[in-house]
Every structure is written in C-alpha cells, then in structure tokens.
Amino acid sequence: ILSTAFDTGNDLDNGSGTLSDLSIINNTLTSTTSATTSKGSGIVIDLRGTAGSVANLTKATVSGNTLANFPSGAGIKVLGGNPNSGGPLATVGVMGSATDIIQITQNSIQGQSSSSQMGSNGIEVTMDGKGQGNFDISDNTPINHVKGNGLALSVFGQATVKGSIDNNAIVANNTFDSAGMAVGVDQAFGASDAPVLSATISNNQISQSQGNGL
C-alpha cells in the first residue's frame, strides 16, 4: 500500500538487457487529488533502446492493482520499442507465443470523480520505433474518471504487435474529445514505416466518453 505518492507509484525504467518475467500484483497505489502534490502515474514500465542496446521484457503480469487519483499522470503505462532506427529490435512480449505475453488484467483505475479526473489515460500501451509486442488487456474494471482515453493501444514506426482487449469496463468522463478506447498505428521514422497491429477487441463496456467510444 502506497498513499499520497508525489511521483509514480511503481516505476520501472530500463534501457538494456532482458527481464524474463515481471509481476506487479495486488498493490494499492493512491496519490492526492492535487496536481501540485502529485506529479506521476500509478504504474509505469518504460523499456527503451539506443543504437547499440535495447531493453526487452519476455512476459509480465500486472494484475489486481488498485490505482486512485494521479491527477498529473496515467493509471498504467507500458512503453516499449527502440527509438533508434539503426538499433536492435525490442521485445515486449513475444509475437505468436501463448505464454510470453504482457498481461494487464483485473486492475481498478479511477480518478476521484468526473470533475477531478486522473491526468491522462487509464491504461496506455505503446510500442514506438523498432519492436515486437504481445499484450492481453482484459477484465480491468472499473476504469473511471480519466482526462485522456480510457484505454489506448498504439503502435508506431517499425513495430509489430498482437493485442487482445477483452471485457474492460470504462466510464471515462473524459475531456478534450478523448475516446473511451483508442487503438491505432502511425509512422515514427518516416513515410516508409509499416507498423502492424493485430487486435482482437471484444466484450468491452464503454460509456461517458467525450470523443468516440471506440
């Protein structure tokens, strides 16, 4: 249990090497509701690289966590990929594997209220640059009162990702035309980029989004 966190509640930053198995389970992380006294997110996993090295994560379980407030940040952020086009490929979950998956499941993520929201996205998963990823984002309920997207899965550059998004309950109450759920790809290095996202989206309940539901 962590109360009144000033910065991020649980923060993992890595720029090289391989983590074979990561578990972030059954934590209660709470900040104040003031952006002056809370500057971070609930949980951040940030895996990057350079021309000569890259951080990999073979599999992970982020489950059963209760995240509240965080008016300057997100609930859960998983950021992977090598931003250097000449560097090695990043792995954050293994494409085609039934076991080497980044599982984000059964988490509760809430801002204080519809007028005092979490600062950005409820769950944000991004592969940016060079990399592969395999994600299961399921059974997260509730995801409530967030300024940004309730749930976002994004792929940029020369990355290939498989994602399953199932049975999440989002009551966004968000702002700035943000979506309840946002899934997409775009370039990072240039127009020749060909990011690939294979996503299965099913059984989600989405309401109170200022922008598109999905």
# chains A, B, ... in the order shown; residues from 1 in each chain; ligands from 1
$ residues_around --residues "Ala199 (chain A)" --least-positions-apart "6" --cutoff "7 Å" --atoms "only C-alpha atoms" --output "list in words"
Lys162, Gly163 and Ser164 of chain A
$ closest_residue --among "A:Thr99, A:Arg48, A:Lys39, A:Asp177" --to "Met118 (chain A)" --atoms "only C-alpha atoms"
A:Lys39
$ residues_around --residues "region 120-124 of chain A" --least-positions-apart "5" --cutoff "9 Å" --atoms "only C-alpha atoms" --output "PyMOL selection string"
chain A and resi 41+70-79+104+109-111+137+143-154+170+172+174
$ residues_around --residues "Gly157 (chain A)" --least-positions-apart "2" --cutoff "8 Å" --atoms "only C-alpha atoms" --output "list in words"
Asp128, Gly129, Lys130, Val155, Ala159, Asp186, Gln187, Ala188, Phe189, Gly190, Asp193, Ala194 and Pro195 of chain A
$ write_last_selection --atoms "all heavy atoms" --output "JSON list (two decimals), in the first residue's frame"
[["chain", "number", "residue", "atom", "x", "y", "z"],
["A", 128, "ASP", "N", 6.82, 1.87, -29.78],
["A", 128, "ASP", "CA", 7.23, 3.02, -30.58],
["A", 128, "ASP", "C", 8.65, 2.81, -31.10],
["A", 128, "ASP", "O", 9.59, 2.70, -30.31],
["A", 128, "ASP", "CB", 7.16, 4.28, -29.70],
["A", 128, "ASP", "CG", 7.40, 5.55, -30.49],
["A", 128, "ASP", "OD1", 7.51, 5.48, -31.73],
["A", 128, "ASP", "OD2", 7.48, 6.62, -29.87],
["A", 129, "GLY", "N", 8.79, 2.74, -32.42],
["A", 129, "GLY", "CA", 10.11, 2.55, -33.02],
["A", 129, "GLY", "C", 10.26, 1.16, -33.58],
["A", 129, "GLY", "O", 9.43, 0.72, -34.39],
["A", 130, "LYS", "N", 11.31, 0.44, -33.18],
["A", 130, "LYS", "CA", 11.55, -0.93, -33.63],
["A", 130, "LYS", "C", 11.20, -1.90, -32.51],
["A", 130, "LYS", "O", 11.71, -1.78, -31.40],
["A", 130, "LYS", "CB", 13.01, -1.11, -34.02],
["A", 130, "LYS", "CG", 13.47, -0.30, -35.20],
["A", 130, "LYS", "CD", 14.92, -0.57, -35.55],
["A", 130, "LYS", "CE", 15.15, -1.99, -36.03],
["A", 130, "LYS", "NZ", 16.57, -2.21, -36.43],
["A", 155, "VAL", "N", 0.75, 1.66, -31.89],
["A", 155, "VAL", "CA", 1.94, 1.07, -32.49],
["A", 155, "VAL", "C", 2.50, 2.06, -33.51],
["A", 155, "VAL", "O", 1.79, 2.51, -34.40],
["A", 155, "VAL", "CB", 1.61, -0.27, -33.19],
["A", 155, "VAL", "CG1", 2.87, -0.90, -33.77],
["A", 155, "VAL", "CG2", 0.94, -1.24, -32.22],
["A", 159, "ALA", "N", 7.23, -1.42, -35.84],
["A", 159, "ALA", "CA", 6.84, -2.34, -34.76],
["A", 159, "ALA", "C", 5.69, -3.23, -35.21],
["A", 159, "ALA", "O", 4.85, -2.82, -36.01],
["A", 159, "ALA", "CB", 6.46, -1.58, -33.50],
["A", 186, "ASP", "N", 0.80, 4.36, -36.58],
["A", 186, "ASP", "CA", 1.26, 5.54, -37.31],
["A", 186, "ASP", "C", 2.77, 5.42, -37.51],
["A", 186, "ASP", "O", 3.43, 4.55, -36.93],
["A", 186, "ASP", "CB", 0.93, 6.82, -36.54],
["A", 186, "ASP", "CG", 0.82, 8.05, -37.45],
["A", 186, "ASP", "OD1", 1.25, 7.95, -38.62],
["A", 186, "ASP", "OD2", 0.33, 9.08, -37.00],
["A", 187, "GLN", "N", 3.32, 6.30, -38.33],
["A", 187, "GLN", "CA", 4.74, 6.30, -38.58],
["A", 187, "GLN", "C", 5.50, 6.93, -37.43],
["A", 187, "GLN", "O", 4.95, 7.71, -36.65],
["A", 187, "GLN", "CB", 5.05, 7.06, -39.88],
["A", 187, "GLN", "CG", 4.78, 8.55, -39.82],
["A", 187, "GLN", "CD", 4.98, 9.22, -41.16],
["A", 187, "GLN", "OE1", 4.60, 8.70, -42.21],
["A", 187, "GLN", "NE2", 5.57, 10.41, -41.13],
["A", 188, "ALA", "N", 6.80, 6.58, -37.32],
["A", 188, "ALA", "CA", 7.67, 7.18, -36.32],
["A", 188, "ALA", "C", 8.94, 7.71, -36.98],
["A", 188, "ALA", "O", 9.38, 8.82, -36.69],
["A", 188, "ALA", "CB", 8.03, 6.18, -35.23],
["A", 189, "PHE", "N", 9.55, 6.91, -37.86],
["A", 189, "PHE", "CA", 10.80, 7.30, -38.51],
["A", 189, "PHE", "C", 10.56, 8.03, -39.84],
["A", 189, "PHE", "O", 11.33, 8.89, -40.22],
["A", 189, "PHE", "CB", 11.67, 6.08, -38.76],
["A", 189, "PHE", "CG", 11.99, 5.31, -37.51],
["A", 189, "PHE", "CD1", 11.58, 3.99, -37.36],
["A", 189, "PHE", "CD2", 12.70, 5.89, -36.47],
["A", 189, "PHE", "CE1", 11.88, 3.28, -36.21],
["A", 189, "PHE", "CE2", 13.00, 5.18, -35.31],
["A", 189, "PHE", "CZ", 12.59, 3.87, -35.19],
["A", 190, "GLY", "N", 9.50, 7.66, -40.54],
["A", 190, "GLY", "CA", 9.23, 8.27, -41.83],
["A", 190, "GLY", "C", 8.10, 7.59, -42.56],
["A", 190, "GLY", "O", 7.50, 6.63, -42.06],
["A", 193, "ASP", "N", 7.64, 3.70, -42.99],
["A", 193, "ASP", "CA", 7.31, 2.81, -41.87],
["A", 193, "ASP", "C", 6.06, 1.99, -42.19],
["A", 193, "ASP", "O", 5.14, 2.46, -42.86],
["A", 193, "ASP", "CB", 7.02, 3.63, -40.60],
["A", 193, "ASP", "CG", 8.27, 4.24, -40.00],
["A", 193, "ASP", "OD1", 9.37, 3.88, -40.41],
["A", 193, "ASP", "OD2", 8.12, 5.11, -39.11],
["A", 194, "ALA", "N", 6.04, 0.75, -41.67],
["A", 194, "ALA", "CA", 4.87, -0.11, -41.87],
["A", 194, "ALA", "C", 4.53, -0.82, -40.57],
["A", 194, "ALA", "O", 4.69, -2.04, -40.44],
["A", 194, "ALA", "CB", 5.15, -1.12, -42.98],
["A", 195, "PRO", "N", 4.06, -0.08, -39.58],
["A", 195, "PRO", "CA", 3.68, -0.72, -38.31],
["A", 195, "PRO", "C", 2.51, -1.67, -38.51],
["A", 195, "PRO", "O", 1.64, -1.43, -39.34],
["A", 195, "PRO", "CB", 3.30, 0.45, -37.42],
["A", 195, "PRO", "CG", 2.88, 1.52, -38.37],
["A", 195, "PRO", "CD", 3.74, 1.36, -39.59]]
$ closest_residue --among "A:Ile24, A:Leu89, A:Ala169, A:Val62" --to "Thr50 (chain A)" --atoms "only C-alpha atoms"
A:Leu89
$ residues_around --residues "Leu67 (chain A)" --least-positions-apart "6" --cutoff "6 Å" --atoms "only C-alpha atoms" --output "VMD selection string"
chain A and resid 29 to 30 42 109
$ write_last_selection --atoms "all heavy atoms" --output "tab-separated table (two decimals), in the first residue's frame"
chain	number	residue	atom	x	y	z
A	29	LEU	N	-2.21	1.78	-4.81
A	29	LEU	CA	-1.40	2.97	-5.03
A	29	LEU	C	-2.32	4.18	-5.15
A	29	LEU	O	-3.18	4.22	-6.04
A	29	LEU	CB	-0.55	2.82	-6.29
A	29	LEU	CG	0.31	1.55	-6.38
A	29	LEU	CD1	0.98	1.46	-7.74
A	29	LEU	CD2	1.35	1.53	-5.27
A	30	THR	N	-2.13	5.15	-4.30
A	30	THR	CA	-3.02	6.31	-4.23
A	30	THR	C	-2.20	7.58	-4.14
A	30	THR	O	-1.18	7.62	-3.42
A	30	THR	CB	-3.94	6.22	-3.01
A	30	THR	OG1	-4.64	4.97	-3.03
A	30	THR	CG2	-4.95	7.35	-2.99
A	42	GLY	N	0.31	5.91	-11.84
A	42	GLY	CA	0.20	4.79	-10.92
A	42	GLY	C	1.31	3.77	-11.11
A	42	GLY	O	2.13	3.53	-10.22
A	109	ILE	N	-8.90	1.30	-11.82
A	109	ILE	CA	-8.21	2.56	-12.14
A	109	ILE	C	-9.23	3.67	-12.13
A	109	ILE	O	-10.14	3.70	-12.95
A	109	ILE	CB	-7.54	2.46	-13.52
A	109	ILE	CG1	-6.52	1.30	-13.55
A	109	ILE	CG2	-6.88	3.78	-13.90
A	109	ILE	CD1	-6.06	0.93	-14.94
$ closest_residue --among "A:Gln210, A:Ser3, A:Ser116, A:Thr200" --to "Ala179 (chain A)" --atoms "only C-alpha atoms"
A:Gln210
$ residues_around --residues "Thr4 (chain A)" --least-positions-apart "6" --cutoff "8 Å" --atoms "only C-alpha atoms" --output "PyMOL selection string"
chain A and resi 30-32+38
$ write_last_selection --atoms "C-alpha atoms" --output "PDB file, in the first residue's frame"
ATOM      1  CA  THR A  30      -3.018   6.306  -4.232  1.00  0.00           C
ATOM      2  CA  SER A  31      -1.999   9.924  -4.697  1.00  0.00           C
ATOM      3  CA  THR A  32      -3.572  13.168  -3.609  1.00  0.00           C
ATOM      4  CA  SER A  38       1.048  14.534  -7.298  1.00  0.00           C
TER       5      SER A  38
END
$ closest_residue --among "A:Met95, A:Ile102, A:Ala182, A:Leu2" --to "Val196 (chain A)" --atoms "only C-alpha atoms"
A:Met95
$ decode --residues "region 77-101 of chain A" --atoms "N, CA, C and O atoms" --output "CSV table (one decimal), in the first residue's frame"
chain,number,residue,atom,x,y,z
A,77,LYS,N,1.0,2.6,-17.5
A,77,LYS,CA,1.6,2.9,-18.8
A,77,LYS,C,2.7,1.8,-19.0
A,77,LYS,O,3.5,1.6,-18.2
A,78,VAL,N,2.6,1.2,-20.2
A,78,VAL,CA,3.7,0.3,-20.7
A,78,VAL,C,4.2,0.8,-22.0
A,78,VAL,O,3.4,0.9,-23.0
A,79,LEU,N,5.4,1.2,-22.0
A,79,LEU,CA,6.1,1.9,-23.2
A,79,LEU,C,7.3,1.0,-23.6
A,79,LEU,O,8.2,0.8,-22.8
A,80,GLY,N,7.3,0.6,-24.8
A,80,GLY,CA,8.4,-0.2,-25.3
A,80,GLY,C,8.8,0.2,-26.7
A,80,GLY,O,8.1,1.0,-27.4
A,81,GLY,N,9.9,-0.4,-27.2
A,81,GLY,CA,10.4,-0.1,-28.5
A,81,GLY,C,11.7,0.6,-28.5
A,81,GLY,O,12.0,1.3,-27.6
A,82,ASN,N,12.4,0.5,-29.6
A,82,ASN,CA,13.7,1.1,-29.7
A,82,ASN,C,13.5,2.4,-30.6
A,82,ASN,O,13.2,2.2,-31.8
A,83,PRO,N,13.7,3.6,-30.1
A,83,PRO,CA,13.5,4.8,-30.9
A,83,PRO,C,14.7,5.0,-31.9
A,83,PRO,O,14.5,6.0,-32.7
A,84,ASN,N,15.7,4.2,-31.9
A,84,ASN,CA,16.8,4.4,-32.8
A,84,ASN,C,16.6,3.4,-34.0
A,84,ASN,O,16.6,2.2,-33.8
A,85,SER,N,16.5,3.9,-35.2
A,85,SER,CA,16.1,3.1,-36.4
A,85,SER,C,17.3,2.1,-36.7
A,85,SER,O,17.0,1.1,-37.4
A,86,GLY,N,18.5,2.4,-36.3
A,86,GLY,CA,19.6,1.5,-36.6
A,86,GLY,C,19.9,0.6,-35.4
A,86,GLY,O,20.8,-0.3,-35.5
A,87,GLY,N,19.2,0.6,-34.4
A,87,GLY,CA,19.4,-0.2,-33.2
A,87,GLY,C,18.7,-1.6,-33.3
A,87,GLY,O,18.0,-1.8,-34.2
A,88,PRO,N,18.9,-2.4,-32.3
A,88,PRO,CA,18.3,-3.7,-32.3
A,88,PRO,C,16.8,-3.7,-32.0
A,88,PRO,O,16.3,-2.7,-31.4
A,89,LEU,N,16.1,-4.7,-32.4
A,89,LEU,CA,14.7,-4.8,-32.2
A,89,LEU,C,14.3,-5.1,-30.7
A,89,LEU,O,15.0,-5.9,-30.0
A,90,ALA,N,13.3,-4.4,-30.2
A,90,ALA,CA,12.9,-4.6,-28.8
A,90,ALA,C,11.8,-5.6,-28.8
A,90,ALA,O,11.0,-5.7,-29.7
A,91,THR,N,11.8,-6.4,-27.7
A,91,THR,CA,10.7,-7.4,-27.5
A,91,THR,C,10.0,-7.1,-26.2
A,91,THR,O,10.6,-7.0,-25.1
A,92,VAL,N,8.7,-6.9,-26.3
A,92,VAL,CA,7.9,-6.7,-25.1
A,92,VAL,C,6.7,-7.7,-25.2
A,92,VAL,O,5.6,-7.3,-25.8
A,93,GLY,N,6.9,-8.9,-24.8
A,93,GLY,CA,6.0,-10.0,-25.1
A,93,GLY,C,6.4,-10.5,-26.5
A,93,GLY,O,6.9,-9.8,-27.4
A,94,VAL,N,6.2,-11.8,-26.7
A,94,VAL,CA,6.7,-12.4,-27.9
A,94,VAL,C,5.5,-12.8,-28.9
A,94,VAL,O,4.6,-13.5,-28.5
A,95,MET,N,5.6,-12.2,-30.1
A,95,MET,CA,4.6,-12.5,-31.1
A,95,MET,C,4.4,-14.0,-31.3
A,95,MET,O,5.4,-14.7,-31.5
A,96,GLY,N,3.2,-14.5,-31.3
A,96,GLY,CA,2.9,-15.8,-31.6
A,96,GLY,C,3.0,-16.8,-30.4
A,96,GLY,O,2.7,-18.0,-30.6
A,97,SER,N,3.4,-16.3,-29.3
A,97,SER,CA,3.6,-17.1,-28.1
A,97,SER,C,2.3,-17.1,-27.3
A,97,SER,O,1.6,-16.1,-27.2
A,98,ALA,N,2.0,-18.3,-26.8
A,98,ALA,CA,0.8,-18.5,-25.9
A,98,ALA,C,1.1,-18.1,-24.5
A,98,ALA,O,0.2,-18.0,-23.7
A,99,THR,N,2.3,-18.0,-24.1
A,99,THR,CA,2.7,-17.8,-22.7
A,99,THR,C,3.5,-16.5,-22.5
A,99,THR,O,3.5,-15.9,-21.4
A,100,ASP,N,4.3,-16.1,-23.5
A,100,ASP,CA,5.2,-14.9,-23.3
A,100,ASP,C,4.4,-13.7,-23.7
A,100,ASP,O,4.5,-13.1,-24.8
A,101,ILE,N,3.5,-13.2,-22.8
A,101,ILE,CA,2.5,-12.2,-23.0
A,101,ILE,C,2.7,-11.1,-21.9
A,101,ILE,O,2.9,-11.5,-20.7
